[in-house]
Every structure is written in structure tokens, then in C-alpha cells.
file structure.cif (mmCIF, N, CA and C atoms)
data_protein
loop_
_atom_site.label_atom_id
_atom_site.label_comp_id
_atom_site.auth_asym_id
_atom_site.auth_seq_id
_atom_site.Cartn_x
_atom_site.Cartn_y
_atom_site.Cartn_z
N VAL A 1 -53.69 -77.09 -64.46
CA VAL A 1 -54.10 -75.72 -64.19
C VAL A 1 -53.09 -75.09 -63.25
N ASN A 2 -52.61 -73.93 -63.61
CA ASN A 2 -51.63 -73.23 -62.79
C ASN A 2 -52.37 -72.35 -61.78
N THR A 3 -52.33 -72.73 -60.54
CA THR A 3 -53.05 -72.02 -59.48
C THR A 3 -52.54 -70.59 -59.32
N GLU A 4 -51.23 -70.40 -59.47
CA GLU A 4 -50.65 -69.07 -59.29
C GLU A 4 -51.25 -68.08 -60.30
N ASN A 5 -51.40 -68.48 -61.55
CA ASN A 5 -51.99 -67.60 -62.55
C ASN A 5 -53.44 -67.27 -62.21
N ASN A 6 -54.18 -68.22 -61.67
CA ASN A 6 -55.56 -67.97 -61.28
C ASN A 6 -55.63 -66.92 -60.19
N VAL A 7 -54.70 -66.95 -59.25
CA VAL A 7 -54.66 -65.97 -58.17
C VAL A 7 -54.39 -64.58 -58.75
N VAL A 8 -53.43 -64.49 -59.66
CA VAL A 8 -53.10 -63.21 -60.28
C VAL A 8 -54.31 -62.67 -61.03
N LYS A 9 -54.99 -63.51 -61.79
CA LYS A 9 -56.18 -63.08 -62.53
C LYS A 9 -57.26 -62.61 -61.57
N GLU A 10 -57.44 -63.30 -60.46
CA GLU A 10 -58.45 -62.93 -59.47
C GLU A 10 -58.11 -61.59 -58.84
N GLN A 11 -56.84 -61.33 -58.53
CA GLN A 11 -56.43 -60.05 -57.96
C GLN A 11 -56.67 -58.92 -58.95
N GLN A 12 -56.34 -59.15 -60.23
CA GLN A 12 -56.56 -58.12 -61.24
C GLN A 12 -58.05 -57.83 -61.36
N LYS A 13 -58.87 -58.87 -61.33
CA LYS A 13 -60.31 -58.69 -61.44
C LYS A 13 -60.82 -57.84 -60.28
N CYS A 14 -60.35 -58.11 -59.06
CA CYS A 14 -60.78 -57.33 -57.89
C CYS A 14 -60.40 -55.86 -58.06
N GLU A 15 -59.19 -55.60 -58.54
CA GLU A 15 -58.76 -54.22 -58.72
C GLU A 15 -59.61 -53.52 -59.77
N GLU A 16 -60.03 -54.27 -60.80
CA GLU A 16 -60.85 -53.69 -61.86
C GLU A 16 -62.30 -53.54 -61.44
N ASP A 17 -62.70 -54.22 -60.38
CA ASP A 17 -64.10 -54.25 -59.96
C ASP A 17 -64.50 -53.07 -59.08
N TYR A 18 -63.57 -52.19 -58.77
CA TYR A 18 -63.99 -51.02 -58.00
C TYR A 18 -63.45 -49.76 -58.65
N LYS A 19 -64.13 -48.68 -58.41
CA LYS A 19 -63.79 -47.38 -58.97
C LYS A 19 -63.53 -46.43 -57.81
N VAL A 20 -62.43 -45.70 -57.87
CA VAL A 20 -62.12 -44.71 -56.85
C VAL A 20 -62.54 -43.34 -57.37
N ILE A 21 -63.38 -42.66 -56.61
CA ILE A 21 -63.73 -41.29 -56.94
C ILE A 21 -62.65 -40.41 -56.31
N LYS A 22 -61.95 -39.68 -57.17
CA LYS A 22 -60.86 -38.82 -56.71
C LYS A 22 -61.29 -37.36 -56.78
N SER A 23 -60.69 -36.57 -55.94
CA SER A 23 -61.00 -35.15 -55.92
C SER A 23 -60.50 -34.47 -57.19
N PRO A 24 -61.38 -33.76 -57.88
CA PRO A 24 -60.96 -33.05 -59.09
C PRO A 24 -60.29 -31.71 -58.78
N MET A 25 -60.27 -31.33 -57.50
CA MET A 25 -59.74 -30.01 -57.13
C MET A 25 -59.41 -29.98 -55.64
N VAL A 26 -58.73 -28.94 -55.22
CA VAL A 26 -58.51 -28.68 -53.80
C VAL A 26 -59.82 -28.14 -53.23
N GLY A 27 -60.23 -28.66 -52.10
CA GLY A 27 -61.47 -28.17 -51.51
C GLY A 27 -61.75 -28.82 -50.17
N THR A 28 -62.92 -28.52 -49.65
CA THR A 28 -63.37 -29.07 -48.37
C THR A 28 -64.48 -30.07 -48.64
N PHE A 29 -64.34 -31.27 -48.07
CA PHE A 29 -65.27 -32.38 -48.28
C PHE A 29 -66.49 -32.24 -47.38
N TYR A 30 -67.66 -32.40 -47.97
CA TYR A 30 -68.92 -32.46 -47.21
C TYR A 30 -69.74 -33.64 -47.70
N SER A 31 -70.22 -34.43 -46.77
CA SER A 31 -71.00 -35.62 -47.11
C SER A 31 -72.50 -35.36 -47.16
N LYS A 32 -72.92 -34.16 -46.70
CA LYS A 32 -74.34 -33.82 -46.64
C LYS A 32 -74.61 -32.53 -47.41
N PRO A 33 -75.82 -32.39 -47.94
CA PRO A 33 -76.15 -31.14 -48.62
C PRO A 33 -76.34 -29.97 -47.64
N ALA A 34 -76.64 -30.28 -46.39
CA ALA A 34 -76.82 -29.27 -45.34
C ALA A 34 -76.64 -29.98 -43.99
N PRO A 35 -76.28 -29.22 -42.95
CA PRO A 35 -76.03 -29.86 -41.64
C PRO A 35 -77.21 -30.67 -41.10
N ASP A 36 -78.43 -30.26 -41.43
CA ASP A 36 -79.61 -30.95 -40.90
C ASP A 36 -80.16 -32.02 -41.85
N LYS A 37 -79.43 -32.33 -42.91
CA LYS A 37 -79.86 -33.33 -43.90
C LYS A 37 -79.06 -34.61 -43.75
N ASP A 38 -79.58 -35.70 -44.33
CA ASP A 38 -78.85 -36.98 -44.34
C ASP A 38 -77.69 -36.91 -45.33
N ALA A 39 -76.69 -37.78 -45.10
CA ALA A 39 -75.55 -37.87 -46.01
C ALA A 39 -76.03 -38.33 -47.39
N PHE A 40 -75.33 -37.88 -48.42
CA PHE A 40 -75.66 -38.32 -49.77
C PHE A 40 -75.59 -39.84 -49.87
N VAL A 41 -74.50 -40.42 -49.33
CA VAL A 41 -74.29 -41.86 -49.36
C VAL A 41 -73.60 -42.32 -48.09
N LYS A 42 -73.75 -43.61 -47.80
CA LYS A 42 -72.99 -44.25 -46.73
C LYS A 42 -72.52 -45.59 -47.25
N VAL A 43 -71.56 -46.19 -46.57
CA VAL A 43 -71.03 -47.48 -46.99
C VAL A 43 -72.18 -48.48 -47.09
N GLY A 44 -72.23 -49.20 -48.19
CA GLY A 44 -73.29 -50.18 -48.43
C GLY A 44 -74.40 -49.68 -49.34
N ASP A 45 -74.48 -48.36 -49.53
CA ASP A 45 -75.51 -47.79 -50.42
C ASP A 45 -75.19 -48.14 -51.87
N THR A 46 -76.24 -48.32 -52.65
CA THR A 46 -76.11 -48.53 -54.09
C THR A 46 -76.29 -47.19 -54.79
N VAL A 47 -75.40 -46.91 -55.74
CA VAL A 47 -75.47 -45.66 -56.50
C VAL A 47 -75.49 -45.96 -58.00
N LYS A 48 -76.00 -45.01 -58.73
CA LYS A 48 -76.03 -45.08 -60.19
C LYS A 48 -75.09 -44.01 -60.74
N ASN A 49 -74.58 -44.25 -61.92
CA ASN A 49 -73.74 -43.27 -62.61
C ASN A 49 -74.49 -41.94 -62.65
N GLY A 50 -73.86 -40.87 -62.16
CA GLY A 50 -74.48 -39.55 -62.16
C GLY A 50 -75.11 -39.14 -60.85
N ASP A 51 -75.26 -40.08 -59.90
CA ASP A 51 -75.79 -39.72 -58.58
C ASP A 51 -74.79 -38.85 -57.84
N THR A 52 -75.26 -37.80 -57.17
CA THR A 52 -74.38 -36.98 -56.33
C THR A 52 -73.99 -37.79 -55.10
N VAL A 53 -72.68 -37.86 -54.83
CA VAL A 53 -72.20 -38.62 -53.68
C VAL A 53 -71.54 -37.75 -52.61
N LEU A 54 -71.17 -36.50 -52.97
CA LEU A 54 -70.55 -35.61 -52.01
C LEU A 54 -70.51 -34.20 -52.59
N ILE A 55 -70.13 -33.26 -51.73
CA ILE A 55 -69.91 -31.88 -52.16
C ILE A 55 -68.47 -31.51 -51.82
N LEU A 56 -67.82 -30.83 -52.75
CA LEU A 56 -66.53 -30.20 -52.47
C LEU A 56 -66.74 -28.70 -52.54
N GLU A 57 -66.37 -28.02 -51.46
CA GLU A 57 -66.45 -26.57 -51.46
C GLU A 57 -65.07 -26.02 -51.82
N ALA A 58 -65.06 -25.19 -52.85
CA ALA A 58 -63.81 -24.56 -53.28
C ALA A 58 -64.10 -23.10 -53.60
N MET A 59 -63.38 -22.21 -52.96
CA MET A 59 -63.56 -20.76 -53.17
C MET A 59 -65.02 -20.35 -53.01
N LYS A 60 -65.66 -20.84 -51.95
CA LYS A 60 -67.05 -20.51 -51.59
C LYS A 60 -68.08 -21.06 -52.58
N MET A 61 -67.64 -21.93 -53.50
CA MET A 61 -68.57 -22.56 -54.45
C MET A 61 -68.80 -24.01 -54.03
N GLN A 62 -70.05 -24.44 -54.05
CA GLN A 62 -70.40 -25.82 -53.72
C GLN A 62 -70.41 -26.63 -55.03
N ASN A 63 -69.55 -27.63 -55.12
CA ASN A 63 -69.42 -28.45 -56.31
C ASN A 63 -69.92 -29.85 -56.03
N ASN A 64 -71.01 -30.26 -56.69
CA ASN A 64 -71.52 -31.62 -56.53
C ASN A 64 -70.59 -32.57 -57.27
N ILE A 65 -70.17 -33.63 -56.59
CA ILE A 65 -69.34 -34.66 -57.20
C ILE A 65 -70.22 -35.89 -57.36
N GLU A 66 -70.21 -36.44 -58.57
CA GLU A 66 -71.12 -37.54 -58.92
C GLU A 66 -70.39 -38.87 -59.04
N ALA A 67 -71.14 -39.95 -58.84
CA ALA A 67 -70.62 -41.29 -59.09
C ALA A 67 -70.31 -41.42 -60.58
N GLU A 68 -69.22 -42.07 -60.89
CA GLU A 68 -68.80 -42.24 -62.27
C GLU A 68 -69.18 -43.61 -62.82
N CYS A 69 -69.83 -44.42 -61.98
CA CYS A 69 -70.26 -45.75 -62.41
C CYS A 69 -71.36 -46.23 -61.46
N ASP A 70 -72.07 -47.27 -61.86
CA ASP A 70 -73.04 -47.92 -60.99
C ASP A 70 -72.28 -48.83 -60.02
N GLY A 71 -72.81 -48.99 -58.82
CA GLY A 71 -72.18 -49.90 -57.88
C GLY A 71 -72.59 -49.64 -56.45
N THR A 72 -71.82 -50.22 -55.54
CA THR A 72 -72.08 -50.10 -54.10
C THR A 72 -70.92 -49.35 -53.46
N ILE A 73 -71.24 -48.42 -52.58
CA ILE A 73 -70.20 -47.67 -51.86
C ILE A 73 -69.48 -48.66 -50.94
N THR A 74 -68.16 -48.81 -51.16
CA THR A 74 -67.38 -49.75 -50.35
C THR A 74 -66.57 -49.05 -49.28
N SER A 75 -66.24 -47.76 -49.50
CA SER A 75 -65.56 -47.01 -48.45
C SER A 75 -65.67 -45.52 -48.72
N ILE A 76 -65.66 -44.77 -47.64
CA ILE A 76 -65.59 -43.31 -47.69
C ILE A 76 -64.29 -42.96 -46.96
N VAL A 77 -63.34 -42.45 -47.71
CA VAL A 77 -61.97 -42.31 -47.23
C VAL A 77 -61.75 -41.08 -46.37
N VAL A 78 -62.55 -40.04 -46.59
CA VAL A 78 -62.36 -38.77 -45.87
C VAL A 78 -63.55 -38.49 -44.96
N SER A 79 -63.37 -37.53 -44.08
CA SER A 79 -64.43 -37.16 -43.12
C SER A 79 -64.92 -35.75 -43.40
N LYS A 80 -66.11 -35.45 -42.89
CA LYS A 80 -66.72 -34.13 -43.05
C LYS A 80 -65.74 -33.04 -42.63
N GLY A 81 -65.61 -32.04 -43.50
CA GLY A 81 -64.76 -30.90 -43.18
C GLY A 81 -63.30 -31.08 -43.52
N ASP A 82 -62.90 -32.28 -43.96
CA ASP A 82 -61.50 -32.49 -44.33
C ASP A 82 -61.15 -31.67 -45.57
N THR A 83 -59.96 -31.13 -45.59
CA THR A 83 -59.44 -30.49 -46.79
C THR A 83 -58.79 -31.56 -47.64
N VAL A 84 -59.15 -31.59 -48.91
CA VAL A 84 -58.60 -32.59 -49.82
C VAL A 84 -57.85 -31.89 -50.94
N MET A 85 -56.89 -32.58 -51.48
CA MET A 85 -56.08 -32.07 -52.59
C MET A 85 -56.55 -32.72 -53.88
N GLU A 86 -56.26 -32.09 -54.99
CA GLU A 86 -56.59 -32.66 -56.28
C GLU A 86 -55.95 -34.04 -56.40
N GLY A 87 -56.76 -35.03 -56.78
CA GLY A 87 -56.28 -36.40 -56.95
C GLY A 87 -56.42 -37.27 -55.72
N ASP A 88 -56.78 -36.71 -54.56
CA ASP A 88 -56.98 -37.52 -53.36
C ASP A 88 -58.17 -38.45 -53.55
N ALA A 89 -58.04 -39.69 -53.05
CA ALA A 89 -59.16 -40.63 -53.07
C ALA A 89 -60.20 -40.15 -52.07
N LEU A 90 -61.48 -40.21 -52.48
CA LEU A 90 -62.59 -39.78 -51.61
C LEU A 90 -63.50 -40.93 -51.26
N ILE A 91 -63.95 -41.66 -52.28
CA ILE A 91 -64.93 -42.74 -52.11
C ILE A 91 -64.58 -43.86 -53.08
N THR A 92 -64.79 -45.10 -52.64
CA THR A 92 -64.64 -46.23 -53.57
C THR A 92 -66.00 -46.87 -53.80
N ILE A 93 -66.22 -47.27 -55.04
CA ILE A 93 -67.45 -47.93 -55.45
C ILE A 93 -67.08 -49.29 -55.99
N GLY A 94 -67.75 -50.35 -55.48
CA GLY A 94 -67.47 -51.69 -55.94
C GLY A 94 -68.55 -52.23 -56.81
#
call {"tool": "encode", "arguments": {"input": "structure.cif", "output": "C-alpha cells"}}
result
Amino acid sequence: VNTENNVVKEQQKCEEDYKVIKSPMVGTFYSKPAPDKDAFVKVGDTVKNGDTVLILEAMKMQNNIEAECDGTITSIVVSKGDTVMEGDALITIG
């Protein structure tokens, strides 16, 4: 058994095991539906495909961004109020 090949396969599997939610547009990141509400998600939360995980505000429009797969939130890359560009990583789901 070639150990090196097993390591490569394991690394590829890890990369395939998480999904990065990227910004579909330029906008402002919000983790809550309102200042007095709880965040949509936090690290460790389980989400289902279609669950709202954040809001991007663009041109005064609130755009709900949804999970694209089932899984667990492994990281939230941006902070409340950050301006994000199209294609920026926002959240990873494992």
C-alpha cells in the first residue's frame, strides 16, 4: 500500500467535503435579520440546503443568501457590516 497516495486521496476528500458560500454580488454582509435578532447561523450550527445563512445588502435591497448544501457551519469568514466583492468567500459548510 502506497501511503503517499492515501494522503493525497484523504486531502482531496477533505477539500470535497466542504462547500464555500461565495458572494454573488458586491454588497454589505449582515449575519442577522435585524439588530435585535439572533444571527442566522454560527459556527457549529447545522443547516439544510435552502436555509438562509446571511443577508447581503446591495443598492438598498436586502438579499437573503441560502445554504447550497446540507452540513455544519465550519467558518464565517466576514464580519457584520463588511463590504464584500462578488466571488468573496463568506461561509464554509462542512
call {"tool": "residues_around", "arguments": {"input": "structure.cif", "residues": "stretch 70-87 of chain A", "least_positions_apart": "3", "cutoff": "5 Å", "atoms": "only N, CA and C atoms", "output": "ChimeraX atom specification"}}
result
/A:22-30,43-49,90-94
call {"tool": "atom_distance", "arguments": {"input": "structure.cif", "atom1": "atom C of A:Lys37", "atom2": "atom CA of A:Tyr18"}}
result
26.4 Å
call {"tool": "resolve_selection", "arguments": {"input": "structure.cif", "expression": "the PyMOL selection byres (((chain A and resi 53 and name CA) around 9) and name CA)", "output": "PDB file with N, CA and C atoms, keeping the file's coordinate frame"}}
result
ATOM      1  N   SER A  31     -70.220 -34.430 -46.770  1.00  0.00           N
ATOM      2  CA  SER A  31     -71.000 -35.620 -47.110  1.00  0.00           C
ATOM      3  C   SER A  31     -72.500 -35.360 -47.160  1.00  0.00           C
ATOM      4  N   LYS A  32     -72.920 -34.160 -46.700  1.00  0.00           N
ATOM      5  CA  LYS A  32     -74.340 -33.820 -46.640  1.00  0.00           C
ATOM      6  C   LYS A  32     -74.610 -32.530 -47.410  1.00  0.00           C
ATOM      7  N   ALA A  39     -76.690 -37.780 -45.100  1.00  0.00           N
ATOM      8  CA  ALA A  39     -75.550 -37.870 -46.010  1.00  0.00           C
ATOM      9  C   ALA A  39     -76.030 -38.330 -47.390  1.00  0.00           C
ATOM     10  N   PHE A  40     -75.330 -37.880 -48.420  1.00  0.00           N
ATOM     11  CA  PHE A  40     -75.660 -38.320 -49.770  1.00  0.00           C
ATOM     12  C   PHE A  40     -75.590 -39.840 -49.870  1.00  0.00           C
ATOM     13  N   VAL A  41     -74.500 -40.420 -49.330  1.00  0.00           N
ATOM     14  CA  VAL A  41     -74.290 -41.860 -49.360  1.00  0.00           C
ATOM     15  C   VAL A  41     -73.600 -42.320 -48.090  1.00  0.00           C
ATOM     16  N   LYS A  42     -73.750 -43.610 -47.800  1.00  0.00           N
ATOM     17  CA  LYS A  42     -72.990 -44.250 -46.730  1.00  0.00           C
ATOM     18  C   LYS A  42     -72.520 -45.590 -47.250  1.00  0.00           C
ATOM     19  N   VAL A  47     -75.400 -46.910 -55.740  1.00  0.00           N
ATOM     20  CA  VAL A  47     -75.470 -45.660 -56.500  1.00  0.00           C
ATOM     21  C   VAL A  47     -75.490 -45.960 -58.000  1.00  0.00           C
ATOM     22  N   GLY A  50     -73.860 -40.870 -62.160  1.00  0.00           N
ATOM     23  CA  GLY A  50     -74.480 -39.550 -62.160  1.00  0.00           C
ATOM     24  C   GLY A  50     -75.110 -39.140 -60.850  1.00  0.00           C
ATOM     25  N   ASP A  51     -75.260 -40.080 -59.900  1.00  0.00           N
ATOM     26  CA  ASP A  51     -75.790 -39.720 -58.580  1.00  0.00           C
ATOM     27  C   ASP A  51     -74.790 -38.850 -57.840  1.00  0.00           C
ATOM     28  N   THR A  52     -75.260 -37.800 -57.170  1.00  0.00           N
ATOM     29  CA  THR A  52     -74.380 -36.980 -56.330  1.00  0.00           C
ATOM     30  C   THR A  52     -73.990 -37.790 -55.100  1.00  0.00           C
ATOM     31  N   LEU A  54     -71.170 -36.500 -52.970  1.00  0.00           N
ATOM     32  CA  LEU A  54     -70.550 -35.610 -52.010  1.00  0.00           C
ATOM     33  C   LEU A  54     -70.510 -34.200 -52.590  1.00  0.00           C
ATOM     34  N   ILE A  55     -70.130 -33.260 -51.730  1.00  0.00           N
ATOM     35  CA  ILE A  55     -69.910 -31.880 -52.160  1.00  0.00           C
ATOM     36  C   ILE A  55     -68.470 -31.510 -51.820  1.00  0.00           C
ATOM     37  N   ASN A  64     -71.010 -30.260 -56.690  1.00  0.00           N
ATOM     38  CA  ASN A  64     -71.520 -31.620 -56.530  1.00  0.00           C
ATOM     39  C   ASN A  64     -70.590 -32.570 -57.270  1.00  0.00           C
ATOM     40  N   ILE A  65     -70.170 -33.630 -56.590  1.00  0.00           N
ATOM     41  CA  ILE A  65     -69.340 -34.660 -57.200  1.00  0.00           C
ATOM     42  C   ILE A  65     -70.220 -35.890 -57.360  1.00  0.00           C
ATOM     43  N   GLU A  66     -70.210 -36.440 -58.570  1.00  0.00           N
ATOM     44  CA  GLU A  66     -71.120 -37.540 -58.920  1.00  0.00           C
ATOM     45  C   GLU A  66     -70.390 -38.870 -59.040  1.00  0.00           C
ATOM     46  N   ALA A  67     -71.140 -39.950 -58.840  1.00  0.00           N
ATOM     47  CA  ALA A  67     -70.620 -41.290 -59.090  1.00  0.00           C
ATOM     48  C   ALA A  67     -70.310 -41.420 -60.580  1.00  0.00           C
ATOM     49  N   ILE A  91     -63.950 -41.660 -52.280  1.00  0.00           N
ATOM     50  CA  ILE A  91     -64.930 -42.740 -52.110  1.00  0.00           C
ATOM     51  C   ILE A  91     -64.580 -43.860 -53.080  1.00  0.00           C
TER      52      ILE A  91
END
call {"tool": "atom_distance", "arguments": {"input": "structure.cif", "atom1": "atom CA of A:Cys69", "atom2": "atom CA of A:Lys19"}}
result
7.5 Å
call {"tool": "select_by_dssp", "arguments": {"input": "structure.cif", "residues": "chain A", "states": "helix (DSSP H, G or I)", "output": "ChimeraX atom specification"}}
result
/A:3-16
call {"tool": "select_by_dssp", "arguments": {"input": "structure.cif", "residues": "chain A", "states": "strand (DSSP E or B)", "output": "PyMOL selection string"}}
result
chain A and resi 19-22+27-30+46-47+52-58+61-66+71-76+83-84+89-93
